[in-house]
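Q: The structure file start.txt (compact mmCIF, C-alpha atoms and all ligand atoms) is provided below.
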# COMPACT_ATOMS: atom_id res chain seq x y z
CA VAL E 1 0.27 -5.48 24.28
CA SER E 2 -0.15 -4.78 20.60
CA GLN E 3 1.93 -2.07 18.97
CA ILE E 4 0.25 1.10 17.79
CA ASN E 5 1.07 4.02 15.55
CA ALA E 6 -1.35 6.62 16.76
CA SER E 7 -1.90 10.17 17.96
CA THR E 8 -4.41 11.64 20.34
CA GLU E 9 -5.07 15.13 21.59
CA TRP E 10 -6.76 16.37 24.76
CA ARG E 11 -7.56 19.82 26.01
CA SER E 12 -7.60 19.93 29.80
CA PRO E 13 -8.17 22.81 32.21
CA SER E 14 -6.25 24.20 35.11
CA ASN E 15 -8.23 24.36 38.34
CA LEU E 16 -8.39 26.67 41.30
CA ALA E 17 -8.61 25.15 44.76
CA ILE E 18 -10.74 27.05 47.26
CA VAL E 19 -9.76 24.60 50.02
CA LYS E 20 -6.06 24.01 49.40
CA TYR E 21 -4.04 20.84 49.12
CA TRP E 22 -0.79 21.61 50.92
CA GLY E 23 1.30 18.76 52.26
CA LYS E 24 1.41 15.11 51.29
CA ARG E 25 2.05 11.64 52.63
CA ASN E 26 2.72 8.22 51.12
CA VAL E 27 3.02 8.40 47.36
CA GLN E 28 1.19 11.54 46.33
CA GLU E 29 -1.64 11.37 48.83
CA PRO E 30 -2.82 14.61 50.42
CA ILE E 31 -2.70 15.29 54.18
CA ASN E 32 -6.12 16.93 53.87
CA PRO E 33 -9.05 17.10 51.46
CA SER E 34 -9.20 19.90 48.90
CA VAL E 35 -12.04 21.39 46.83
CA SER E 36 -11.61 23.15 43.50
CA PHE E 37 -13.29 24.16 40.29
CA SER E 38 -11.98 23.65 36.78
CA LEU E 39 -11.34 26.74 34.70
CA LYS E 40 -12.74 27.43 31.25
CA ASN E 41 -10.01 29.40 29.43
CA SER E 42 -6.80 28.43 31.24
CA VAL E 43 -6.10 25.14 29.54
CA THR E 44 -3.33 22.92 28.21
CA ILE E 45 -3.65 21.24 24.84
CA THR E 46 -1.51 18.12 24.59
CA ARG E 47 -0.95 15.83 21.66
CA VAL E 48 0.80 12.50 22.20
CA THR E 49 2.00 10.39 19.29
CA ALA E 50 2.99 6.81 20.05
CA THR E 51 5.31 4.91 17.71
CA PRO E 52 6.68 1.42 18.39
CA LEU E 53 10.17 1.49 19.94
CA GLU E 54 11.61 -1.43 21.93
CA LYS E 55 13.20 0.67 24.67
CA GLY E 56 10.44 3.26 25.03
CA GLY E 57 11.33 6.93 25.70
CA PHE E 58 9.84 10.32 24.94
CA THR E 59 10.41 13.84 23.66
CA PHE E 60 8.60 16.84 25.07
CA SER E 61 7.93 20.28 23.64
CA LEU E 62 6.07 23.18 25.21
CA ASN E 63 4.58 25.84 22.95
CA GLY E 64 6.60 24.41 20.05
CA VAL E 65 9.99 24.42 21.81
CA PHE E 66 11.79 21.33 23.14
CA ASN E 67 11.93 21.81 26.87
CA PRO E 68 14.19 19.54 28.97
CA ALA E 69 13.27 21.41 32.20
CA PHE E 70 10.14 19.28 32.42
CA HIS E 71 11.83 15.95 31.68
CA PRO E 72 12.36 14.75 35.29
CA LYS E 73 8.70 15.35 36.16
CA ILE E 74 7.45 13.60 33.02
CA GLU E 75 9.88 10.73 33.51
CA THR E 76 8.72 10.10 37.09
CA PHE E 77 5.16 10.26 35.88
CA LEU E 78 5.69 7.81 33.00
CA LYS E 79 7.44 5.37 35.35
CA GLN E 80 4.34 5.29 37.55
CA ALA E 81 1.96 5.24 34.58
CA GLN E 82 3.61 2.27 32.85
CA HIS E 83 2.51 -0.02 35.70
CA HIS E 84 -1.07 0.57 34.55
CA LEU E 85 -0.48 1.34 30.86
CA PRO E 86 2.05 -1.22 29.59
CA PHE E 87 2.20 0.20 26.02
CA ILE E 88 4.43 2.98 27.42
CA ARG E 89 7.30 0.47 27.80
CA ASN E 90 7.64 -0.29 24.10
CA HIS E 91 6.58 2.93 22.41
CA HIS E 92 8.28 6.23 21.85
CA LEU E 93 6.04 9.11 22.89
CA THR E 94 6.17 12.47 21.20
CA ILE E 95 4.52 14.83 23.64
CA GLU E 96 3.56 18.25 22.30
CA SER E 97 1.96 20.66 24.73
CA SER E 98 0.79 24.22 24.66
CA ASN E 99 -0.71 26.38 27.38
CA THR E 100 -3.05 29.32 27.04
CA PHE E 101 -1.40 31.00 30.04
CA PRO E 102 2.14 31.52 31.47
CA HIS E 103 3.58 28.39 33.12
CA SER E 104 5.11 28.19 36.62
CA SER E 105 3.42 31.40 37.68
CA GLY E 106 1.03 30.17 40.33
CA ILE E 107 -1.64 29.30 37.79
CA ALA E 108 -1.60 25.56 38.05
CA SER E 109 -0.05 24.65 34.69
CA SER E 110 1.02 21.35 36.20
CA ALA E 111 -2.65 20.52 36.85
CA SER E 112 -3.74 21.13 33.26
CA SER E 113 -0.64 19.65 31.65
CA MET E 114 -0.51 16.49 33.76
CA SER E 115 -4.24 15.84 33.43
CA ALA E 116 -4.01 16.36 29.65
CA LEU E 117 -1.05 13.97 29.49
CA ALA E 118 -2.81 11.34 31.61
CA LEU E 119 -5.89 11.54 29.39
CA CYS E 120 -3.77 11.18 26.22
CA LEU E 121 -1.98 8.14 27.68
CA LEU E 122 -5.28 6.52 28.64
CA SER E 123 -6.66 7.08 25.13
CA LEU E 124 -3.56 5.47 23.61
CA HIS E 125 -3.76 2.64 26.13
CA ASN E 126 -7.35 2.06 25.03
CA LEU E 127 -6.19 1.82 21.42
CA SER E 128 -3.46 -0.64 22.42
CA ILE E 129 -6.08 -2.96 23.91
CA GLY E 130 -8.59 -2.52 21.09
CA LYS E 131 -10.93 -0.08 22.87
CA SER E 132 -12.24 3.27 21.73
CA PRO E 133 -9.83 6.14 22.52
CA GLU E 134 -12.60 8.50 23.68
CA SER E 135 -14.07 6.25 26.33
CA VAL E 136 -11.49 6.87 29.03
CA ASP E 137 -12.33 6.11 32.63
CA LEU E 138 -12.18 9.54 34.31
CA THR E 139 -11.59 8.09 37.78
CA MET E 140 -8.59 6.25 36.41
CA ALA E 141 -7.43 9.41 34.60
CA SER E 142 -7.73 11.28 37.90
CA GLY E 143 -5.79 8.67 39.85
CA LEU E 144 -3.10 8.59 37.21
CA SER E 145 -2.68 12.34 36.77
CA ARG E 146 -2.17 12.58 40.54
CA PHE E 147 1.28 11.03 40.04
CA GLY E 148 2.22 13.89 37.71
CA SER E 149 0.95 16.56 40.05
CA GLY E 150 -1.44 16.13 42.97
CA SER E 151 -3.75 18.95 42.01
CA ALA E 152 -4.03 17.56 38.45
CA CYS E 153 -6.37 14.83 39.68
CA ARG E 154 -9.08 17.48 40.19
CA SER E 155 -8.75 18.75 36.59
CA VAL E 156 -10.25 15.73 34.82
CA PHE E 157 -13.77 16.81 35.83
CA GLY E 158 -15.75 19.88 34.85
CA GLY E 159 -17.29 22.08 37.52
CA TRP E 160 -16.34 21.39 41.13
CA SER E 161 -14.43 18.46 42.54
CA LEU E 162 -13.15 17.05 45.79
CA TRP E 163 -9.87 15.23 46.34
CA GLY E 164 -9.07 13.48 49.60
CA LYS E 165 -10.97 11.15 51.90
CA PHE E 166 -13.77 13.08 53.57
CA ASP E 167 -16.14 10.87 55.53
CA GLU E 168 -19.30 12.83 54.72
CA VAL E 169 -18.75 12.08 51.01
CA LYS E 170 -18.58 8.33 50.87
CA GLU E 171 -17.14 8.02 47.34
CA SER E 172 -14.24 10.40 48.16
CA SER E 173 -10.68 9.11 48.12
CA ASP E 174 -7.06 10.07 48.76
CA THR E 175 -6.03 8.46 45.49
CA TYR E 176 -8.38 10.20 43.02
CA ALA E 177 -10.77 13.13 42.90
CA VAL E 178 -14.54 12.88 42.62
CA PRO E 179 -16.85 15.36 40.88
CA ILE E 180 -19.31 17.31 43.02
CA PRO E 181 -22.61 16.71 41.19
CA LYS E 182 -23.98 19.82 39.45
CA ASN E 183 -27.39 19.37 41.02
CA VAL E 184 -25.99 20.04 44.48
CA VAL E 185 -24.11 23.19 43.41
CA SER E 186 -25.98 26.49 43.62
CA PRO E 187 -26.18 28.36 40.24
CA VAL E 188 -24.00 31.19 41.56
CA PHE E 189 -21.09 28.76 41.99
CA GLN E 190 -21.79 26.82 38.79
CA ASP E 191 -21.11 30.03 36.93
CA LEU E 192 -18.51 31.62 39.20
CA LYS E 193 -16.23 34.20 37.58
CA ASN E 194 -12.49 34.35 38.16
CA ALA E 195 -10.22 37.13 36.93
CA ILE E 196 -6.58 36.10 37.22
CA LEU E 197 -4.31 39.06 37.93
CA ILE E 198 -0.86 38.31 36.57
CA ILE E 199 1.16 40.16 39.18
CA ASN E 200 4.30 38.37 38.03
CA SER E 201 4.47 35.71 35.32
CA GLY E 202 8.03 34.61 36.20
CA SER E 203 8.93 31.26 37.74
CA LYS E 204 8.46 30.69 41.46
CA SER E 205 11.52 30.83 43.73
CA VAL E 206 10.27 27.84 45.75
CA SER E 207 8.36 25.09 43.94
CA SER E 208 5.13 23.54 45.18
CA SER E 209 6.98 20.23 45.69
CA GLN E 210 9.33 21.95 48.12
CA GLY E 211 6.37 23.64 49.78
CA HIS E 212 4.58 20.31 50.29
CA GLN E 213 7.75 18.89 51.76
CA LEU E 214 8.10 21.71 54.27
CA MET E 215 4.69 20.70 55.66
CA ASN E 216 6.24 17.45 56.98
CA GLN E 217 7.98 19.31 59.81
CA HIS E 218 5.70 22.32 59.95
CA PRO E 219 4.90 23.52 63.50
CA TYR E 220 1.25 24.18 62.51
CA ARG E 221 0.75 21.00 60.51
CA GLU E 222 -1.81 19.44 62.82
CA ALA E 223 -3.85 22.62 63.18
CA ARG E 224 -3.74 23.12 59.41
CA VAL E 225 -5.07 19.64 58.70
CA GLU E 226 -7.91 20.12 61.16
CA GLN E 227 -8.76 23.50 59.65
CA ALA E 228 -8.79 22.10 56.09
CA PHE E 229 -11.22 19.36 57.12
CA ASN E 230 -13.46 21.99 58.73
CA HIS E 231 -13.27 24.23 55.66
CA THR E 232 -14.11 21.31 53.38
CA GLY E 233 -17.31 20.65 55.33
CA ILE E 234 -18.15 24.36 55.38
CA LEU E 235 -17.45 24.84 51.66
CA LEU E 236 -19.46 21.79 50.56
CA GLU E 237 -22.44 23.22 52.47
CA ILE E 238 -21.86 26.72 51.02
CA LEU E 239 -21.79 25.30 47.48
CA LYS E 240 -25.28 23.94 48.15
CA THR E 241 -26.80 26.97 49.83
CA GLY E 242 -25.17 29.67 47.69
CA ASP E 243 -23.96 31.63 50.74
CA TRP E 244 -21.75 34.22 48.99
CA ASP E 245 -20.31 35.92 52.08
CA GLY E 246 -19.42 32.57 53.65
CA PHE E 247 -17.77 31.55 50.39
CA ILE E 248 -15.53 34.61 50.25
CA GLU E 249 -14.62 34.28 53.91
CA THR E 250 -13.54 30.66 53.42
CA ALA E 251 -11.74 31.32 50.12
CA GLU E 252 -9.71 34.23 51.47
CA ASN E 253 -8.88 32.46 54.72
CA GLU E 254 -7.60 29.43 52.78
CA ALA E 255 -5.50 31.56 50.41
CA LEU E 256 -3.91 33.54 53.22
CA THR E 257 -3.40 30.42 55.33
CA LEU E 258 -1.47 28.89 52.41
CA HIS E 259 0.80 31.93 52.25
CA GLY E 260 0.96 32.08 56.05
CA LEU E 261 2.22 28.48 56.09
CA MET E 262 4.99 29.56 53.74
CA LEU E 263 5.91 32.53 55.93
CA ASN E 264 6.36 30.36 58.99
CA SER E 265 7.87 27.30 57.33
CA SER E 266 11.42 26.49 58.21
CA PRO E 267 13.14 27.83 56.16
CA SER E 268 10.66 30.64 55.71
CA TYR E 269 9.77 32.04 52.33
CA THR E 270 7.20 34.22 50.65
CA LEU E 271 5.78 34.15 47.15
CA MET E 272 3.55 37.20 47.60
CA GLU E 273 4.68 40.47 46.16
CA PRO E 274 3.89 44.04 47.13
CA ASN E 275 1.28 44.28 44.37
CA SER E 276 -0.42 41.07 45.58
CA LEU E 277 -0.95 42.73 48.97
CA GLN E 278 -2.02 45.99 47.40
CA ALA E 279 -4.64 44.15 45.30
CA ILE E 280 -5.93 42.38 48.42
CA ARG E 281 -6.24 45.71 50.21
CA LEU E 282 -8.16 47.30 47.31
CA ILE E 283 -10.50 44.30 46.95
CA ARG E 284 -11.40 44.40 50.63
CA GLN E 285 -11.88 48.15 50.52
CA ALA E 286 -14.18 47.93 47.48
CA ARG E 287 -16.20 45.26 49.23
CA THR E 288 -16.94 47.44 52.24
CA ASP E 289 -16.91 50.93 50.69
CA GLU E 290 -18.52 50.22 47.31
CA ASN E 291 -20.51 47.14 48.18
CA LEU E 292 -18.86 45.13 45.39
CA LYS E 293 -19.49 41.37 45.47
CA ILE E 294 -15.87 40.44 45.16
CA GLY E 295 -13.23 38.35 46.92
CA PHE E 296 -10.03 36.52 46.10
CA SER E 297 -8.07 33.32 46.23
CA MET E 298 -4.41 32.65 45.50
CA ASP E 299 -2.36 29.65 44.52
CA ALA E 300 1.29 29.12 45.40
CA GLY E 301 2.49 32.26 43.64
CA PRO E 302 2.07 36.05 43.59
CA ASN E 303 -1.00 36.12 41.31
CA LEU E 304 -4.48 36.81 42.57
CA HIS E 305 -7.65 35.04 41.52
CA VAL E 306 -10.47 37.56 41.88
CA LEU E 307 -13.83 35.84 42.46
CA TYR E 308 -17.27 37.31 41.66
CA PRO E 309 -20.73 36.14 40.60
CA ALA E 310 -21.79 36.19 36.93
CA SER E 311 -24.56 38.64 37.81
CA GLU E 312 -21.93 41.27 38.73
CA VAL E 313 -19.70 40.92 35.69
CA SER E 314 -20.02 44.37 34.16
CA LYS E 315 -19.78 46.24 37.46
CA VAL E 316 -16.88 44.20 38.84
CA GLU E 317 -14.90 43.95 35.61
CA SER E 318 -14.94 47.69 34.99
CA TRP E 319 -13.78 48.19 38.58
CA ILE E 320 -10.98 45.63 38.03
CA GLU E 321 -9.89 47.33 34.80
CA GLU E 322 -9.65 50.67 36.53
CA ASN E 323 -8.19 49.65 39.88
CA LEU E 324 -6.36 46.34 39.61
CA LYS E 325 -5.03 46.34 36.05
CA PRO E 326 -2.27 48.86 36.88
CA LEU E 327 -0.93 46.37 39.46
CA CYS E 328 -0.45 43.62 36.87
CA GLN E 329 2.68 42.85 34.91
CA ASN E 330 2.15 44.27 31.41
CA GLN E 331 -1.43 44.97 32.55
CA GLN E 332 -2.17 41.28 32.08
CA ILE E 333 -5.45 39.83 33.32
CA ILE E 334 -7.01 36.51 32.29
CA TYR E 335 -10.79 36.54 32.55
CA ASP E 336 -11.92 33.05 33.36
CA SER E 337 -14.80 31.15 34.94
CA VAL E 338 -15.93 27.68 35.92
CA GLY E 339 -15.48 25.34 32.94
CA ASP E 340 -16.81 22.04 31.69
CA GLY E 341 -13.67 19.95 31.98
CA PRO E 342 -11.43 18.18 29.47
CA ILE E 343 -12.30 17.31 25.90
CA ASN E 344 -10.79 14.91 23.42
CA ILE E 345 -10.07 16.80 20.16
O1 LIG N 1 -0.30 19.84 42.54
P1 LIG N 1 0.86 20.53 43.15
O2 LIG N 1 1.85 19.60 43.76
O3 LIG N 1 1.48 21.52 42.19
O4 LIG N 1 0.31 21.43 44.38
C1 LIG N 1 -0.58 22.49 44.19
C2 LIG N 1 -0.94 23.10 45.48
C3 LIG N 1 -1.81 24.35 45.40
O5 LIG N 1 -2.02 24.75 44.06
C4 LIG N 1 -1.13 25.50 46.12
C5 LIG N 1 -3.14 24.09 46.08
C6 LIG N 1 -4.11 23.22 45.35
O6 LIG N 1 -4.85 22.52 46.04
O7 LIG N 1 -4.17 23.25 44.11
Translate this structure into structure tokens?

A:
Amino acid sequence: VSQINASTEWRSPSNLAIVKYWGKRNVQEPINPSVSFSLKNSVTITRVTATPLEKGGFTFSLNGVFNPAFHPKIETFLKQAQHHLPFIRNHHLTIESSNTFPHSSGIASSASSMSALALCLLSLHNLSIGKSPESVDLTMASGLSRFGSGSACRSVFGGWSLWGKFDEVKESSDTYAVPIPKNVVSPVFQDLKNAILIINSGSKSVSSSQGHQLMNQHPYREARVEQAFNHTGILLEILKTGDWDGFIETAENEALTLHGLMLNSSPSYTLMEPNSLQAIRLIRQARTDENLKIGFSMDAGPNLHVLYPASEVSKVESWIEENLKPLCQNQQIIYDSVGDGPINI
């Protein structure tokens, strides 16, 4: 492997799973398939500079500050990555990352940061073997980012993607995500809107890694896996037909199942907060009483992802401003939508 002195920068999105990945087996393989879309505004920008150094190593800064809290995760990731990208062994990596949203808050910062890092490493690897840094293999980037964080493997594609072997989609795999082609996604879901209510931007009391682990002994594990397979089939069909009501029913069921699994894990825990529940109640009320086309999803945290079609933006967003904003920490809401995926900058 030839030595390089080079920098590369990628901007990669977070994603929101509608069918959730929750529980793993083997090395970072999911116990069930998951389906998500990449976001447009919630992104990580990562710059990696490689300089020759016999013993390797790295430094990491987040939003301009050296941050050792992330070292173990990055170290595990680099150990896996060096099997495929040998330049990592004899280069020092300066990793500089910044997020456009609060980290560890239930917005998947690990998805955007690990996919951005994987893409940077693949670009540098390309340079080390005399190839163009932009022409990274996205399937490889997906498979690699999975070792940083499972959900990250779905962030390397724009639009919608599927991770996990699902027989009806023959190219699907447990070891990387595949994009769901745009031409089979109804326009309403190609341009889906997502307002992220920051109910609490603080760190989670129980990490996703611990949550995945609790699924190993979970009393409802088998039923959950079966349900996720069913929901995957249902959602893939809904994405084609544009069935809005079916979409919201599936999205909300998945979000509440995720939090339900936490409630009846052993030990039990909850990441929801009173204002998360209050927002859910108001959203459901507005749907029936005011006929608003609105629903929600959640990740592993207290924040709510409000979902609505682009055609309803002005109506829904003024309702959100009036009714949901007061429930948010510092009145913080991130208005986001389906995005086009990572770019090399
Ligand atoms: O990628 P991880 O290990 O942080 O797990 C993320 C799990 C959820 O965000 C809750 C669901 C998902 O599929 O993204």

Q: What's the separation between CA of His305 in chain E and CA of Leu16 in chain E, in Å to one decimal place?

A: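 A separation of 8.4 Å between them.
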
Q: Can you work out which one of E:His83, E:Arg25, E:His125, E:Lys325 has the shortest atom-to-atom distance to ligand LIG 1 (chain N), counting only C-alpha atoms and all ligand atoms?

A: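 Residue with the minimum atom-to-atom distance to ligand LIG 1 (chain N): E:Arg25.
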
Q: Please identify every polymer residue within 7 Å of ligand LIG 1 (chain N), using all atoms listed in the file, and present the set as JSON, numbers by chain.

A: {"E": [16, 17, 19, 20, 21, 22, 34, 108, 110, 111, 149, 150, 151, 152, 208, 209, 299, 300]}

Q: With C-alpha atoms retained, could you export that selection as a compact mmCIF listing (two decimals), in the coordinates of the input?

A:
# COMPACT_ATOMS: atom_id res chain seq x y z
CA LEU E 16 -8.39 26.67 41.30
CA ALA E 17 -8.61 25.15 44.76
CA VAL E 19 -9.76 24.60 50.02
CA LYS E 20 -6.06 24.01 49.40
CA TYR E 21 -4.04 20.84 49.12
CA TRP E 22 -0.79 21.61 50.92
CA SER E 34 -9.20 19.90 48.90
CA ALA E 108 -1.60 25.56 38.05
CA SER E 110 1.02 21.35 36.20
CA ALA E 111 -2.65 20.52 36.85
CA SER E 149 0.95 16.56 40.05
CA GLY E 150 -1.44 16.13 42.97
CA SER E 151 -3.75 18.95 42.01
CA ALA E 152 -4.03 17.56 38.45
CA SER E 208 5.13 23.54 45.18
CA SER E 209 6.98 20.23 45.69
CA ASP E 299 -2.36 29.65 44.52
CA ALA E 300 1.29 29.12 45.40

Q: Take CA of Val188 in chain E and CA of Ser297 in chain E and report the distance between them in Å, one decimal.

A: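 Interatomic distance, CA of Val188 in chain E to CA of Ser297 in chain E: 16.7 Å.
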
Q: Could you check which of E:Ala177, E:Val65, E:Val184, E:Gln329 is closest to Ala141 in chain E, using only C-alpha atoms?

A: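 Using only C-alpha atoms, the shortest distance to Ala141 in chain E belongs to E:Ala177.
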
Q: What lies within 7 Å of Ala195 in chain E using all atoms listed in the file, ignoring chain neighbours under 5 positions off, as a PyMOL selection string?

A: chain E and resi 305-307+333-336

Q: So which one's closest to Trp10 in chain E, E:Val338, E:Cys328, E:Leu235, E:Leu117? Using all atoms listed in the file, please.

A: E:Leu117

Q: Between E:Asn26, E:Asn194, E:Ser203, E:Thr49, single out the one closest to Ile320 in chain E, counting only C-alpha atoms.

A: E:Asn194

Q: Write out as an MDAnalysis selection string which residues come within 7 Å of Ser173 in chain E when counting only C-alpha atoms, dropping same-chain ones fewer than 6 positions away.

A: chainID E and resid 163:165

Q: Write to file, as a compact mmCIF listing (two decimals), keeping the file's coordinate frame, the residues of the selection just made, with C-alpha atoms.

A:
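Result written to part35.txt:
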# COMPACT_ATOMS: atom_id res chain seq x y z
CA TRP E 163 -9.87 15.23 46.34
CA GLY E 164 -9.07 13.48 49.60
CA LYS E 165 -10.97 11.15 51.90

Q: Go ahead and compute the interatomic distance for CA of Leu62 in chain E and CA of Thr46 in chain E, in Å to one decimal.

A: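 Separation between CA of Leu62 in chain E and CA of Thr46 in chain E: 9.1 Å.
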
Q: Calculated over only C-alpha atoms, which of the candidates E:Phe166, E:Phe247, E:Tyr220, E:Phe157 has the smallest distance to Leu119 in chain E?

A: E:Phe157

Q: Skip Pro187 in chain E itself and residues of its chain fewer than 5 positions away, then list as a ChimeraX atom specification all residues within 10 Å of it, counting only C-alpha atoms.

A: /E:182,192,239-242,309-310

Q: Quick one: everything within 6 Å of Ser161 in chain E, counting all atoms listed in the file, minus sequence neighbours fewer than 6 positions away in the same chain. Send it as a list in words.

A: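 So, after excluding close chain neighbours, the residues are Val35, Ser36, Arg154, Val178, Pro179 and Ile180 of chain E.
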
Q: Using all atoms listed in the file, which of the listed residues (E:His92, E:Ala251, E:Lys131, E:Val27) sits closest to Thr51 in chain E?

A: E:His92
